[in-house]
Structure formats: structure tokens, C-alpha cells
file start14.cif (mmCIF, C-alpha atoms and all ligand atoms)
data_upload
#
loop_
_atom_site.label_atom_id
_atom_site.label_comp_id
_atom_site.auth_asym_id
_atom_site.auth_seq_id
_atom_site.Cartn_x
_atom_site.Cartn_y
_atom_site.Cartn_z
CA MET A 1 0.00 0.00 0.00
CA LYS A 2 2.83 2.33 0.89
CA TYR A 3 4.43 1.55 -2.44
CA ALA A 4 1.19 2.19 -4.31
CA LYS A 5 0.85 5.57 -2.65
CA SER A 6 4.32 6.68 -3.58
CA LEU A 7 3.80 5.42 -7.11
CA ILE A 8 0.64 7.49 -7.41
CA GLY A 9 2.55 10.45 -6.03
CA ALA A 10 5.29 10.00 -8.59
CA VAL A 11 2.82 9.72 -11.45
CA LEU A 12 0.93 12.80 -10.27
CA GLY A 13 4.17 14.73 -9.89
CA ALA A 14 5.29 13.76 -13.37
CA SER A 15 1.98 14.75 -14.91
CA VAL A 16 2.07 18.16 -13.20
CA LEU A 17 5.59 18.71 -14.59
CA LEU A 18 4.47 17.57 -18.01
CA SER A 19 1.37 19.75 -18.14
CA SER A 20 3.27 22.88 -17.12
CA ALA A 21 5.89 22.17 -19.78
CA VAL A 22 3.21 21.62 -22.41
CA MET A 23 1.31 24.72 -21.38
CA ALA A 24 4.26 27.14 -21.60
CA GLU A 25 3.86 29.14 -24.77
CA ASN A 26 6.16 31.14 -26.97
CA HIS A 27 4.91 34.54 -28.12
CA VAL A 28 6.27 36.29 -31.20
CA ILE A 29 6.98 40.01 -31.39
CA THR A 30 7.93 41.37 -34.80
CA ALA A 31 10.08 44.42 -35.37
CA ALA A 32 8.58 46.67 -38.03
CA VAL A 33 10.49 49.84 -39.07
CA THR A 34 10.56 51.61 -35.67
CA ALA A 35 7.96 49.65 -33.70
CA PHE A 36 7.54 46.31 -32.00
CA LYS A 37 4.30 44.57 -32.89
CA PRO A 38 2.38 43.94 -30.78
CA MET A 39 3.74 46.68 -28.55
CA VAL A 40 2.12 45.23 -25.43
CA ILE A 41 1.62 41.53 -24.76
CA LYS A 42 0.24 39.69 -21.77
CA ILE A 43 1.67 36.25 -21.15
CA ALA A 44 1.63 33.57 -18.48
CA PRO A 45 4.52 32.94 -16.09
CA GLY A 46 6.97 30.50 -17.67
CA ASP A 47 6.20 31.58 -21.23
CA THR A 48 8.91 32.79 -23.58
CA VAL A 49 9.00 35.64 -26.08
CA SER A 50 10.70 35.57 -29.48
CA PHE A 51 11.71 38.71 -31.36
CA GLU A 52 11.64 38.34 -35.12
CA ASN A 53 12.55 40.44 -38.14
CA MET A 54 15.24 42.01 -35.93
CA ASN A 55 17.59 43.10 -38.71
CA GLY A 56 18.80 46.54 -37.51
CA HIS A 57 17.14 46.19 -34.11
CA ILE A 58 17.95 45.27 -30.52
CA SER A 59 15.73 44.16 -27.64
CA ASN A 60 17.16 45.51 -24.40
CA THR A 61 15.74 45.85 -20.89
CA ILE A 62 18.60 48.10 -19.77
CA PHE A 63 17.73 51.79 -20.03
CA THR A 64 20.36 54.52 -19.76
CA ASN A 65 19.45 57.56 -17.70
CA LYS A 66 20.44 61.16 -18.39
CA ASP A 67 23.25 60.89 -15.82
CA HIS A 68 24.52 57.75 -17.64
CA SER A 69 23.39 55.43 -14.85
CA THR A 70 21.16 52.55 -15.92
CA SER A 71 17.71 51.36 -14.86
CA GLN A 72 15.67 48.26 -15.56
CA TYR A 73 11.87 48.23 -15.38
CA ILE A 74 11.33 44.57 -14.59
CA PRO A 75 10.01 42.81 -11.48
CA SER A 76 12.50 42.38 -8.66
CA GLY A 77 14.23 39.03 -8.86
CA ALA A 78 13.72 38.84 -12.63
CA GLU A 79 16.49 38.71 -15.21
CA GLY A 80 16.55 41.26 -18.00
CA TRP A 81 18.16 40.81 -21.40
CA THR A 82 20.10 42.53 -24.14
CA SER A 83 19.94 40.89 -27.54
CA GLY A 84 22.65 41.24 -30.13
CA MET A 85 22.25 43.77 -32.93
CA GLY A 86 20.02 42.20 -35.58
CA GLU A 87 19.58 39.01 -33.58
CA ASN A 88 16.29 37.13 -33.71
CA PHE A 89 16.24 36.52 -30.00
CA THR A 90 14.18 34.36 -27.64
CA THR A 91 14.00 35.16 -23.94
CA ALA A 92 14.51 32.60 -21.22
CA PRO A 93 11.18 31.52 -19.66
CA LEU A 94 9.82 34.62 -17.91
CA THR A 95 8.89 33.15 -14.55
CA VAL A 96 8.75 36.24 -12.33
CA GLU A 97 5.36 37.95 -12.55
CA GLY A 98 5.24 41.63 -13.40
CA ILE A 99 5.84 44.18 -16.12
CA TYR A 100 8.94 44.03 -18.30
CA LEU A 101 9.79 47.11 -20.36
CA TYR A 102 12.32 46.87 -23.17
CA LYS A 103 13.53 49.09 -25.95
CA CYS A 104 15.45 49.06 -29.21
CA ASP A 105 18.60 51.11 -28.71
CA PRO A 106 19.06 52.39 -32.30
CA HIS A 107 15.41 53.48 -32.49
CA TRP A 108 14.62 54.46 -28.90
CA GLY A 109 14.72 58.09 -30.05
CA ALA A 110 11.74 57.19 -32.24
CA GLY A 111 10.06 55.53 -29.27
CA MET A 112 10.72 51.93 -30.31
CA GLY A 113 9.99 49.93 -27.20
CA GLY A 114 7.55 47.44 -25.82
CA VAL A 115 5.88 45.93 -22.81
CA ILE A 116 5.60 42.32 -21.69
CA ILE A 117 3.16 41.74 -18.85
CA VAL A 118 3.78 38.40 -17.15
CA GLY A 119 0.81 37.35 -15.01
CA THR A 120 0.06 39.94 -12.34
CA PRO A 121 1.67 43.40 -12.85
CA THR A 122 3.39 43.29 -9.45
CA ASN A 123 5.78 46.18 -10.16
CA LEU A 124 3.47 48.73 -11.78
CA ASP A 125 3.61 51.02 -8.74
CA ASP A 126 7.40 50.73 -8.59
CA ILE A 127 7.67 51.75 -12.25
CA GLU A 128 5.28 54.66 -11.82
CA ALA A 129 7.19 55.81 -8.75
CA THR A 130 10.23 56.46 -11.00
CA LYS A 131 8.15 59.14 -12.78
CA PRO A 132 8.92 57.92 -16.30
CA LYS A 133 9.26 60.54 -18.99
CA GLY A 134 9.04 60.68 -22.78
CA ALA A 135 8.97 57.36 -24.62
CA LEU A 136 9.19 55.48 -21.32
CA LYS A 137 6.08 57.27 -20.09
CA ARG A 138 4.31 56.22 -23.27
CA LEU A 139 5.22 52.57 -22.65
CA VAL A 140 3.82 52.75 -19.11
CA LYS A 141 0.65 54.37 -20.43
CA LYS A 142 0.23 51.53 -22.96
CA ALA A 143 0.82 48.97 -20.21
CA LYS A 144 -1.88 50.52 -18.01
CA LYS A 145 -4.30 50.63 -20.91
CA ALA A 146 -3.74 46.92 -21.54
CA LEU A 147 -4.40 46.19 -17.87
CA LYS A 148 -7.79 47.88 -17.81
CU CU B 1 14.76 49.25 -33.78
#
call {"tool": "encode", "arguments": {"input": "start14.cif", "output": "C-alpha cells", "more": "lines below"}}
Ligand SMILES: [Cu+2]
result
Amino acid sequence: MKYAKSLIGAVLGASVLLSSAVMAENHVITAAVTAFKPMVIKIAPGDTVSFENMNGHISNTIFTNKDHSTSQYIPSGAEGWTSGMGENFTTAPLTVEGIYLYKCDPHWGAGMGGVIIVGTPTNLDDIEATKPKGALKRLVKKAKKALK
């Protein structure tokens, strides 16, 4: 009986692992001239995001401030990314829930950036507390609109 119980446990455990692996999705964002499409996506924790048509573009979560310091607008405990120039890039599974802002360095002046919302937007208040300006402010506005 003890053996049967542990066997059932093992089978259940394996099926939970399997279903979460099967359920993780990959979402595609396409670079188009000076925009990422779609600009805002909502995904589930554990999903991945692929950037395509990236010739001439970068996907980067590291933002440079006026004083040359850097900021990331991602949930605490999450890992950001910087793709290579022109690289069709796929993120690691985004497991930490919250809002991830990223931009394209060569076209950030034209406002080329995007928003990935993973599960619950845990860090929206943190991002707003930084009083984002310009293109960054626009990204936050788009994120809030998507959350309504
Ligand atoms: Cu670009």
C-alpha cells in the first residue's frame, strides 16, 4: 500500500511537470520599421517571447538615464536581457510575474519599445514611482491601458 501511494505520487508529480511544460507558450513580437508589434503583450509565467525580423534592431531591458546610470523596469528578482544587434532573439522563460519594459537602442529616439506583462503586474507602482518621462512614459501608459 505504501508503495502504491508513492507510485501514485510520482505519477501525479510527473503529470504536473508535463502539463506545465506543455502549457508554456512562446509569443512572437515582430520588429517593423521603428515599432515592436504587438507593442504590449500579456503572457503567463513561464512563457517565452521571441523577437523576429530584428535586422537593424535590438531588444534591451537596460535603459540609460540622463546621468549615464542605468535602470531596468522589470520585477525584482527577474532577469533582463540585451539581444545582439540584428539578432532574432528568444528570452529565457519569464517566470517572475510583473511588467517588463524593453527598448530598441538604435530606435529608442523614435520611441521603439515594448511591454511584456507576465501574469500579475506586481511592479506597476514601482515603475510609476520612477516618474517615467518621454517614450518610457508612453510605454507605461500603454501597459496601463492593456491592464484595464
Ligand atoms: Cu529598432
call {"tool": "residues_near_point", "arguments": {"input": "start14.cif", "point": "(19.6, 40.7, -38.1)", "cutoff": "8 Å", "atoms": "all atoms listed in the file", "output": "MDAnalysis selection string"}}
result
chainID A and resid 53:57 85:88
call {"tool": "residues_near_ligand", "arguments": {"input": "start14.cif", "ligand": "ligand CU 1 (chain B)", "cutoff": "12 Å", "atoms": "only C-alpha atoms and all ligand atoms", "output": "ChimeraX atom specification"}}
result
/A:30-37,51-60,83-87,102-114
call {"tool": "atom_distance", "arguments": {"input": "start14.cif", "atom1": "atom CA of A:Glu25", "atom2": "atom CA of A:Lys145"}}
result
23.3 Å
call {"tool": "closest_residue", "arguments": {"input": "start14.cif", "among": "A:Ile74, A:Met39, A:Leu94, A:Ala135", "to": "A:Asn26", "atoms": "all atoms listed in the file"}}
result
A:Leu94
call {"tool": "closest_residue", "arguments": {"input": "start14.cif", "among": "A:Ile117, A:Pro93, A:Val40, A:Gln72", "to": "A:Thr130", "atoms": "all atoms listed in the file"}}
result
A:Gln72
call {"tool": "atom_distance", "arguments": {"input": "start14.cif", "atom1": "atom CA of A:Ala44", "atom2": "atom CA of A:Lys144"}}
result
17.3 Å
call {"tool": "residues_around", "arguments": {"input": "start14.cif", "residues": "A:Thr91", "least_positions_apart": "3", "cutoff": "7 Å", "atoms": "all atoms listed in the file", "output": "PyMOL selection string"}}
result
chain A and resi 48-50
call {"tool": "atom_distance", "arguments": {"input": "start14.cif", "atom1": "atom CA of A:Ala78", "atom2": "atom CA of A:Gly134"}}
result
24.5 Å
call {"tool": "closest_residue", "arguments": {"input": "start14.cif", "among": "A:Val28, A:Glu128, A:Tyr73, A:Val118", "to": "A:Lys42", "atoms": "all atoms listed in the file"}}
result
A:Val118
call {"tool": "closest_residue", "arguments": {"input": "start14.cif", "among": "A:Gly46, A:Pro75, A:Gly119, A:Pro38", "to": "A:Thr61", "atoms": "only C-alpha atoms"}}
result
A:Pro75
call {"tool": "closest_residue", "arguments": {"input": "start14.cif", "among": "A:Val96, A:Leu124, A:Ser69, A:Ile29", "to": "A:Lys142", "atoms": "only C-alpha atoms"}}
result
A:Leu124
call {"tool": "closest_residue", "arguments": {"input": "start14.cif", "among": "A:Lys148, A:Phe63, A:Thr70, A:Asp47", "to": "A:Ala92", "atoms": "all atoms listed in the file"}}
result
A:Asp47
call {"tool": "axis_aligned_box", "arguments": {"input": "start14.cif", "around": "stretch 39-48 of chain A", "padding_each_side": "6 Å", "output": "AutoDock Vina command-line options"}}
result
--center_x 4.6 --center_y 38.6 --center_z -22.3 --size_x 20.7 --size_y 28.2 --size_z 24.5
